[in-house]
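Everything on this sheet refers to the single structure shown next.
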Amino acid sequence: MQLQLEELIVKAKQEIGQCSNLSELANLKAQYVGKKSELNNLFGKLKDIPAEERPAFGQAVNRARNKLEELIDGRETELRNSIWNQTKQGLDLTMPGTAYPRGGLHPLTKVMREIEDVFIGMGFAIAEGFDIEDEFHNFDALNTPKDHPSRNLADTFYLKDGNLLRTQTSTVQVRTMEKYPPPIRIISPGRCYRNDKPDASHSPVFHQVEGLVVDEGVTMADMKDTLHRFAKSIFGNDVQVRLRPHFFPFTEPSVEMDMSCSVCGGKGCRVCKQSGWLELCGAGMVDPNVFDILKIDSERYTGYAFGFGIDRITMMKYNIPDLRILYDNDLRVLRQFS
Ligand code: PHE
């Protein structure tokens with residue numbers, strides 16, 4: 001019996017010593033000291049042994065078990081140490097991690113957010129509309145006659161169901177006045193669509209910000225001051241503005257506002273075609289007809305609206321010579337803004 005145990009230990013010692021990974025070792029552990037192990041089998045034979053030999057036999061089995069467990073634990077420590085040593089080599093915990101390339105905001109998004117901040121600072125709220133609109137919100141409610149050239153297929157993208165892609169964010173002016181009574185003070189930034197052939201200053205998709213203020217006693221002076229403050233916030237305190245008479249169906253009187261050229265400061269250069277001025281936006285006092293269509297009391301309330309192209313402002317701000325650069329999404333260009 002003693003011999004049997006000694007043989008078992010010799011065999012185990014050899015196998016455990018050769019075992020090269022922890023899962024193999026777990027199998028060996030089950031095999032040698034687990035519930036169904038040979039050792040446990042021997043314990044089961046205790047009752048067949050003459051009573052006076054039993055204590056010695058029990059002790060021998062226990063000694064063998066201790067020896068086997070010692071061998072297994074020792075090998076486990078060796079294996080764990082060698083795993084640790086292998087990973088430790090070539091693993092320098094003080095090394096900086098892999099840097100992932102970070103994206104940045106598109107210049108249009110940057111300028112859009114900057115513009116929003118300026119107007120939020122002046123007490124405006126941001127309103128949103130829909131890219132797909134109906135003729136009522138894009139034209140009729142904006143006092144645009146049925147035969148107005150901008151309604152033309154050559155200018156406006158119509159959908160099969162009779163709806164259209166909005167040609168201006170002025171649609172949000174209408175939606176806001178439908179929904180909320182005065183006082184109103186909103187801007188609505190968003191995409192617009194016109195059937196234009198792409199060139200250096202035209203794109204079938206572009207971005208506008210519409211502004212609308214309606215309250216008692218609102219005057220054109222308020223409008224000019226607000227727009228001047230806006231121009232100064234974006235282009236610097238020295239910027240001058242001027243109003244020129246213009247026409248829009250939904251404002252009366254209507255103006256276009258110019259600002260002193262951001263490139264030459266008003267002295268005259270190629271960008272401003274030597275005039276010293278750059279067109280900034282369209283604006284005007286809300287036409288009482290629009291108030292009447294939207295059931296706002298035009299005797300009590302006055303208001304102004306303005307609209308400008310974010311693309312144009314982005315080009316002026318960053319000296320971008322061609323509008324298409326903003327839509328090509330060439331990473332070499334975009335990286336300069338991130
Ligand atoms: N919606 C006009 C355009 O697209 C701009 C504008 C807005 C003019 C509001 C006056 C008032 O040209």
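By convention in this document, the chains of the structure tokens carry letters A, B, ... by their order, each chain's residues are numbered from 1, and ligands are numbered from 1 in the order they are shown.
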Could I get the residues of chain A with an atom no further than 8 Å from an atom of ligand 1, each paired with its nearest atom pair and that distance in Å to one decimal, using only C-alpha atoms and all ligand atoms, sorted by chain and residue number, as JSON lines?
```
{"residue": "A:Thr167", "atom": "CA", "partner": "ligand 1", "partner_atom_place_in_ligand_line": "4 (O)", "distance": 7.0}
{"residue": "A:Gln168", "atom": "CA", "partner": "ligand 1", "partner_atom_place_in_ligand_line": "4 (O)", "distance": 4.8}
{"residue": "A:Thr169", "atom": "CA", "partner": "ligand 1", "partner_atom_place_in_ligand_line": "1 (N)", "distance": 6.4}
{"residue": "A:Ser170", "atom": "CA", "partner": "ligand 1", "partner_atom_place_in_ligand_line": "1 (N)", "distance": 5.2}
{"residue": "A:Gln208", "atom": "CA", "partner": "ligand 1", "partner_atom_place_in_ligand_line": "4 (O)", "distance": 7.6}
{"residue": "A:Glu210", "atom": "CA", "partner": "ligand 1", "partner_atom_place_in_ligand_line": "7 (C)", "distance": 5.8}
{"residue": "A:Gly211", "atom": "CA", "partner": "ligand 1", "partner_atom_place_in_ligand_line": "9 (C)", "distance": 6.7}
{"residue": "A:Leu212", "atom": "CA", "partner": "ligand 1", "partner_atom_place_in_ligand_line": "9 (C)", "distance": 7.6}
{"residue": "A:Phe248", "atom": "CA", "partner": "ligand 1", "partner_atom_place_in_ligand_line": "10 (C)", "distance": 6.0}
{"residue": "A:Phe250", "atom": "CA", "partner": "ligand 1", "partner_atom_place_in_ligand_line": "11 (C)", "distance": 7.0}
{"residue": "A:Thr251", "atom": "CA", "partner": "ligand 1", "partner_atom_place_in_ligand_line": "10 (C)", "distance": 6.1}
{"residue": "A:Ser254", "atom": "CA", "partner": "ligand 1", "partner_atom_place_in_ligand_line": "10 (C)", "distance": 6.6}
{"residue": "A:Val255", "atom": "CA", "partner": "ligand 1", "partner_atom_place_in_ligand_line": "10 (C)", "distance": 7.5}
{"residue": "A:Glu256", "atom": "CA", "partner": "ligand 1", "partner_atom_place_in_ligand_line": "8 (C)", "distance": 7.9}
{"residue": "A:Cys281", "atom": "CA", "partner": "ligand 1", "partner_atom_place_in_ligand_line": "5 (C)", "distance": 6.9}
{"residue": "A:Gly282", "atom": "CA", "partner": "ligand 1", "partner_atom_place_in_ligand_line": "8 (C)", "distance": 4.0}
{"residue": "A:Ala283", "atom": "CA", "partner": "ligand 1", "partner_atom_place_in_ligand_line": "10 (C)", "distance": 3.6}
{"residue": "A:Gly284", "atom": "CA", "partner": "ligand 1", "partner_atom_place_in_ligand_line": "10 (C)", "distance": 5.4}
{"residue": "A:Met285", "atom": "CA", "partner": "ligand 1", "partner_atom_place_in_ligand_line": "11 (C)", "distance": 7.8}
{"residue": "A:Val286", "atom": "CA", "partner": "ligand 1", "partner_atom_place_in_ligand_line": "11 (C)", "distance": 7.6}
{"residue": "A:Tyr304", "atom": "CA", "partner": "ligand 1", "partner_atom_place_in_ligand_line": "11 (C)", "distance": 7.4}
{"residue": "A:Ala305", "atom": "CA", "partner": "ligand 1", "partner_atom_place_in_ligand_line": "11 (C)", "distance": 4.4}
{"residue": "A:Phe306", "atom": "CA", "partner": "ligand 1", "partner_atom_place_in_ligand_line": "9 (C)", "distance": 3.6}
{"residue": "A:Gly307", "atom": "CA", "partner": "ligand 1", "partner_atom_place_in_ligand_line": "7 (C)", "distance": 3.6}
{"residue": "A:Phe308", "atom": "CA", "partner": "ligand 1", "partner_atom_place_in_ligand_line": "5 (C)", "distance": 6.1}
```
For the contact check between range 152-262 of chain A and range 118-136 of chain A, emit one row per residue of range 152-262 of chain A within 12 Å, containing the shortest atom pair and the distance in Å rounded to one decimal, counting only C-alpha atoms, chain then rising number order, as JSON lines.
```
{"residue": "A:Asn152", "atom": "CA", "partner": "A:Glu135", "partner_atom": "CA", "distance": 11.8}
{"residue": "A:Thr156", "atom": "CA", "partner": "A:Glu135", "partner_atom": "CA", "distance": 10.5}
{"residue": "A:Phe157", "atom": "CA", "partner": "A:Ile132", "partner_atom": "CA", "distance": 10.0}
{"residue": "A:Tyr158", "atom": "CA", "partner": "A:Asp134", "partner_atom": "CA", "distance": 9.4}
{"residue": "A:Leu159", "atom": "CA", "partner": "A:Ile132", "partner_atom": "CA", "distance": 8.8}
{"residue": "A:Lys160", "atom": "CA", "partner": "A:Asp134", "partner_atom": "CA", "distance": 11.9}
{"residue": "A:Asp161", "atom": "CA", "partner": "A:Asp134", "partner_atom": "CA", "distance": 9.7}
{"residue": "A:Gly162", "atom": "CA", "partner": "A:Asp134", "partner_atom": "CA", "distance": 7.4}
{"residue": "A:Asn163", "atom": "CA", "partner": "A:Asp134", "partner_atom": "CA", "distance": 4.7}
{"residue": "A:Leu164", "atom": "CA", "partner": "A:Glu133", "partner_atom": "CA", "distance": 5.4}
{"residue": "A:Leu165", "atom": "CA", "partner": "A:Ile132", "partner_atom": "CA", "distance": 4.7}
{"residue": "A:Arg166", "atom": "CA", "partner": "A:Glu133", "partner_atom": "CA", "distance": 5.6}
{"residue": "A:Thr167", "atom": "CA", "partner": "A:Asp131", "partner_atom": "CA", "distance": 8.9}
{"residue": "A:Gln168", "atom": "CA", "partner": "A:Asp131", "partner_atom": "CA", "distance": 9.4}
{"residue": "A:Thr169", "atom": "CA", "partner": "A:Gly129", "partner_atom": "CA", "distance": 7.8}
{"residue": "A:Ser170", "atom": "CA", "partner": "A:Gly129", "partner_atom": "CA", "distance": 9.4}
{"residue": "A:Thr171", "atom": "CA", "partner": "A:Gly129", "partner_atom": "CA", "distance": 7.2}
{"residue": "A:Val172", "atom": "CA", "partner": "A:Gly129", "partner_atom": "CA", "distance": 5.3}
{"residue": "A:Gln173", "atom": "CA", "partner": "A:Ala127", "partner_atom": "CA", "distance": 8.8}
{"residue": "A:Val174", "atom": "CA", "partner": "A:Phe136", "partner_atom": "CA", "distance": 9.2}
{"residue": "A:Arg175", "atom": "CA", "partner": "A:Gly129", "partner_atom": "CA", "distance": 7.4}
{"residue": "A:Thr176", "atom": "CA", "partner": "A:Ala127", "partner_atom": "CA", "distance": 7.6}
{"residue": "A:Met177", "atom": "CA", "partner": "A:Ala127", "partner_atom": "CA", "distance": 11.2}
{"residue": "A:Glu178", "atom": "CA", "partner": "A:Phe136", "partner_atom": "CA", "distance": 11.9}
{"residue": "A:Lys179", "atom": "CA", "partner": "A:Ala127", "partner_atom": "CA", "distance": 11.4}
{"residue": "A:Tyr180", "atom": "CA", "partner": "A:Ala127", "partner_atom": "CA", "distance": 11.4}
{"residue": "A:Pro183", "atom": "CA", "partner": "A:Phe124", "partner_atom": "CA", "distance": 11.1}
{"residue": "A:Ile184", "atom": "CA", "partner": "A:Phe124", "partner_atom": "CA", "distance": 8.6}
{"residue": "A:Arg185", "atom": "CA", "partner": "A:Phe124", "partner_atom": "CA", "distance": 5.1}
{"residue": "A:Ile186", "atom": "CA", "partner": "A:Ala125", "partner_atom": "CA", "distance": 4.7}
{"residue": "A:Ile187", "atom": "CA", "partner": "A:Ile126", "partner_atom": "CA", "distance": 5.2}
{"residue": "A:Ser188", "atom": "CA", "partner": "A:Ala127", "partner_atom": "CA", "distance": 4.9}
{"residue": "A:Pro189", "atom": "CA", "partner": "A:Glu128", "partner_atom": "CA", "distance": 7.3}
{"residue": "A:Gly190", "atom": "CA", "partner": "A:Glu128", "partner_atom": "CA", "distance": 7.6}
{"residue": "A:Arg191", "atom": "CA", "partner": "A:Asp131", "partner_atom": "CA", "distance": 6.8}
{"residue": "A:Cys192", "atom": "CA", "partner": "A:Asp131", "partner_atom": "CA", "distance": 7.0}
{"residue": "A:Tyr193", "atom": "CA", "partner": "A:Asp131", "partner_atom": "CA", "distance": 8.4}
{"residue": "A:Arg194", "atom": "CA", "partner": "A:Asp131", "partner_atom": "CA", "distance": 11.8}
{"residue": "A:Val205", "atom": "CA", "partner": "A:Asp131", "partner_atom": "CA", "distance": 10.8}
{"residue": "A:Phe206", "atom": "CA", "partner": "A:Asp131", "partner_atom": "CA", "distance": 11.6}
{"residue": "A:His207", "atom": "CA", "partner": "A:Asp131", "partner_atom": "CA", "distance": 11.1}
{"residue": "A:Gln208", "atom": "CA", "partner": "A:Asp131", "partner_atom": "CA", "distance": 11.9}
{"residue": "A:Val209", "atom": "CA", "partner": "A:Ile126", "partner_atom": "CA", "distance": 10.0}
{"residue": "A:Glu210", "atom": "CA", "partner": "A:Ala127", "partner_atom": "CA", "distance": 9.5}
{"residue": "A:Gly211", "atom": "CA", "partner": "A:Phe124", "partner_atom": "CA", "distance": 8.7}
{"residue": "A:Leu212", "atom": "CA", "partner": "A:Phe124", "partner_atom": "CA", "distance": 9.0}
{"residue": "A:Val213", "atom": "CA", "partner": "A:Phe124", "partner_atom": "CA", "distance": 8.7}
{"residue": "A:Val214", "atom": "CA", "partner": "A:Phe124", "partner_atom": "CA", "distance": 11.5}
{"residue": "A:Asp222", "atom": "CA", "partner": "A:Met122", "partner_atom": "CA", "distance": 11.9}
{"residue": "A:Asp225", "atom": "CA", "partner": "A:Met122", "partner_atom": "CA", "distance": 11.2}
{"residue": "A:Thr226", "atom": "CA", "partner": "A:Met122", "partner_atom": "CA", "distance": 8.2}
{"residue": "A:Leu227", "atom": "CA", "partner": "A:Phe119", "partner_atom": "CA", "distance": 9.8}
{"residue": "A:His228", "atom": "CA", "partner": "A:Val118", "partner_atom": "CA", "distance": 11.7}
{"residue": "A:Arg229", "atom": "CA", "partner": "A:Val118", "partner_atom": "CA", "distance": 8.7}
{"residue": "A:Phe230", "atom": "CA", "partner": "A:Val118", "partner_atom": "CA", "distance": 6.6}
{"residue": "A:Ala231", "atom": "CA", "partner": "A:Val118", "partner_atom": "CA", "distance": 9.7}
{"residue": "A:Lys232", "atom": "CA", "partner": "A:Val118", "partner_atom": "CA", "distance": 10.0}
{"residue": "A:Ser233", "atom": "CA", "partner": "A:Val118", "partner_atom": "CA", "distance": 6.9}
{"residue": "A:Ile234", "atom": "CA", "partner": "A:Val118", "partner_atom": "CA", "distance": 8.2}
{"residue": "A:Phe235", "atom": "CA", "partner": "A:Val118", "partner_atom": "CA", "distance": 11.8}
```
- Query: With distances taken over only C-alpha atoms, which of A:Gly309, A:Pro198, A:Pro245, A:Gly34 is nearest to Ile325 in chain A?
  - Reply: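 Using only C-alpha atoms, Ile325 in chain A sits closest to A:Pro198.
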His202 in chain A environment, 10 Å, only C-alpha atoms, sequence neighbours closer than 5 positions dropped, as a PDB file with C-alpha atoms, in the first residue's frame:
```pdb
ATOM      1  CA  ARG A 194     -32.659  76.504 -54.325  1.00  0.00           C
ATOM      2  CA  ASN A 195     -32.357  75.186 -57.834  1.00  0.00           C
ATOM      3  CA  ASP A 196     -29.007  76.908 -58.408  1.00  0.00           C
ATOM      4  CA  LYS A 197     -26.088  75.584 -60.385  1.00  0.00           C
ATOM      5  CA  ASP A 311     -22.245  80.221 -45.821  1.00  0.00           C
ATOM      6  CA  ARG A 312     -21.452  83.773 -46.934  1.00  0.00           C
ATOM      7  CA  ASP A 322     -15.118  79.407 -53.106  1.00  0.00           C
ATOM      8  CA  LEU A 323     -18.378  78.245 -51.500  1.00  0.00           C
ATOM      9  CA  ARG A 324     -17.909  74.699 -52.815  1.00  0.00           C
TER      10      ARG A 324
END
```
- Query: To one decimal place, how far is CA of Asn329 in chain A from CA of Leu280 in chain A in Å?
  - Reply: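 Separation between CA of Asn329 in chain A and CA of Leu280 in chain A: 25.0 Å.
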- Task: Name the closest residue to Ser262 in chain A among the candidates A:Asn21, A:Thr314, A:Gln336, A:Gln2; distances are taken between atoms, counting only C-alpha atoms.
- Result: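 Nearest candidate to Ser262 in chain A out of A:Asn21, A:Thr314, A:Gln336, A:Gln2: A:Thr314.
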- Message: When DSSP is applied to the backbone of this structure, which of range 199-247 of chain A are assigned strand (DSSP E or B)? Write them out as number ranges by chain.
- Response: A: 199, 202, 205-215, 241-247
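Nearest residue to Val218 in chain A, choosing from A:Pro182, A:Pro288, A:Pro249, A:Gly303 and counting only C-alpha atoms: A:Gly303.
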- Message: Would you compute the distance between CA of Thr77 in chain A and CA of Asn27 in chain A? Give it in Å to one decimal.
- Response: 16.1 Å
- Message: Among range 156-302 of chain A, which residues does DSSP mark as helix (DSSP H, G or I) when it is run on the backbone? Keep the chain and numbering as in the structure and answer as a ChimeraX atom specification.
- Response: /A:170-179,220-235,288-293
- Using CA of His106 in chain A and CA of His137 in chain A as the two end points, give the distance in Å to one decimal.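 Separation between CA of His106 in chain A and CA of His137 in chain A: 29.5 Å.
With only C-alpha atoms as the atoms that count, the residue of A:Glu52, A:Arg335, A:Leu68, A:Asn81 with the shortest distance to Glu15 in chain A is A:Leu68.
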- Query: Within 10 Å of Val33 in chain A, counting only C-alpha atoms, which residues qualify if same-chain residues fewer than 2 places away don't, as a list in words?
  - Reply: Leu28, Lys29, Ala30, Gln31, Lys35, Lys36, Ser37, Glu38, Leu39, Asn40, Ala64, Arg65, Asn66, Leu68, Glu69 and Ile72 of chain A
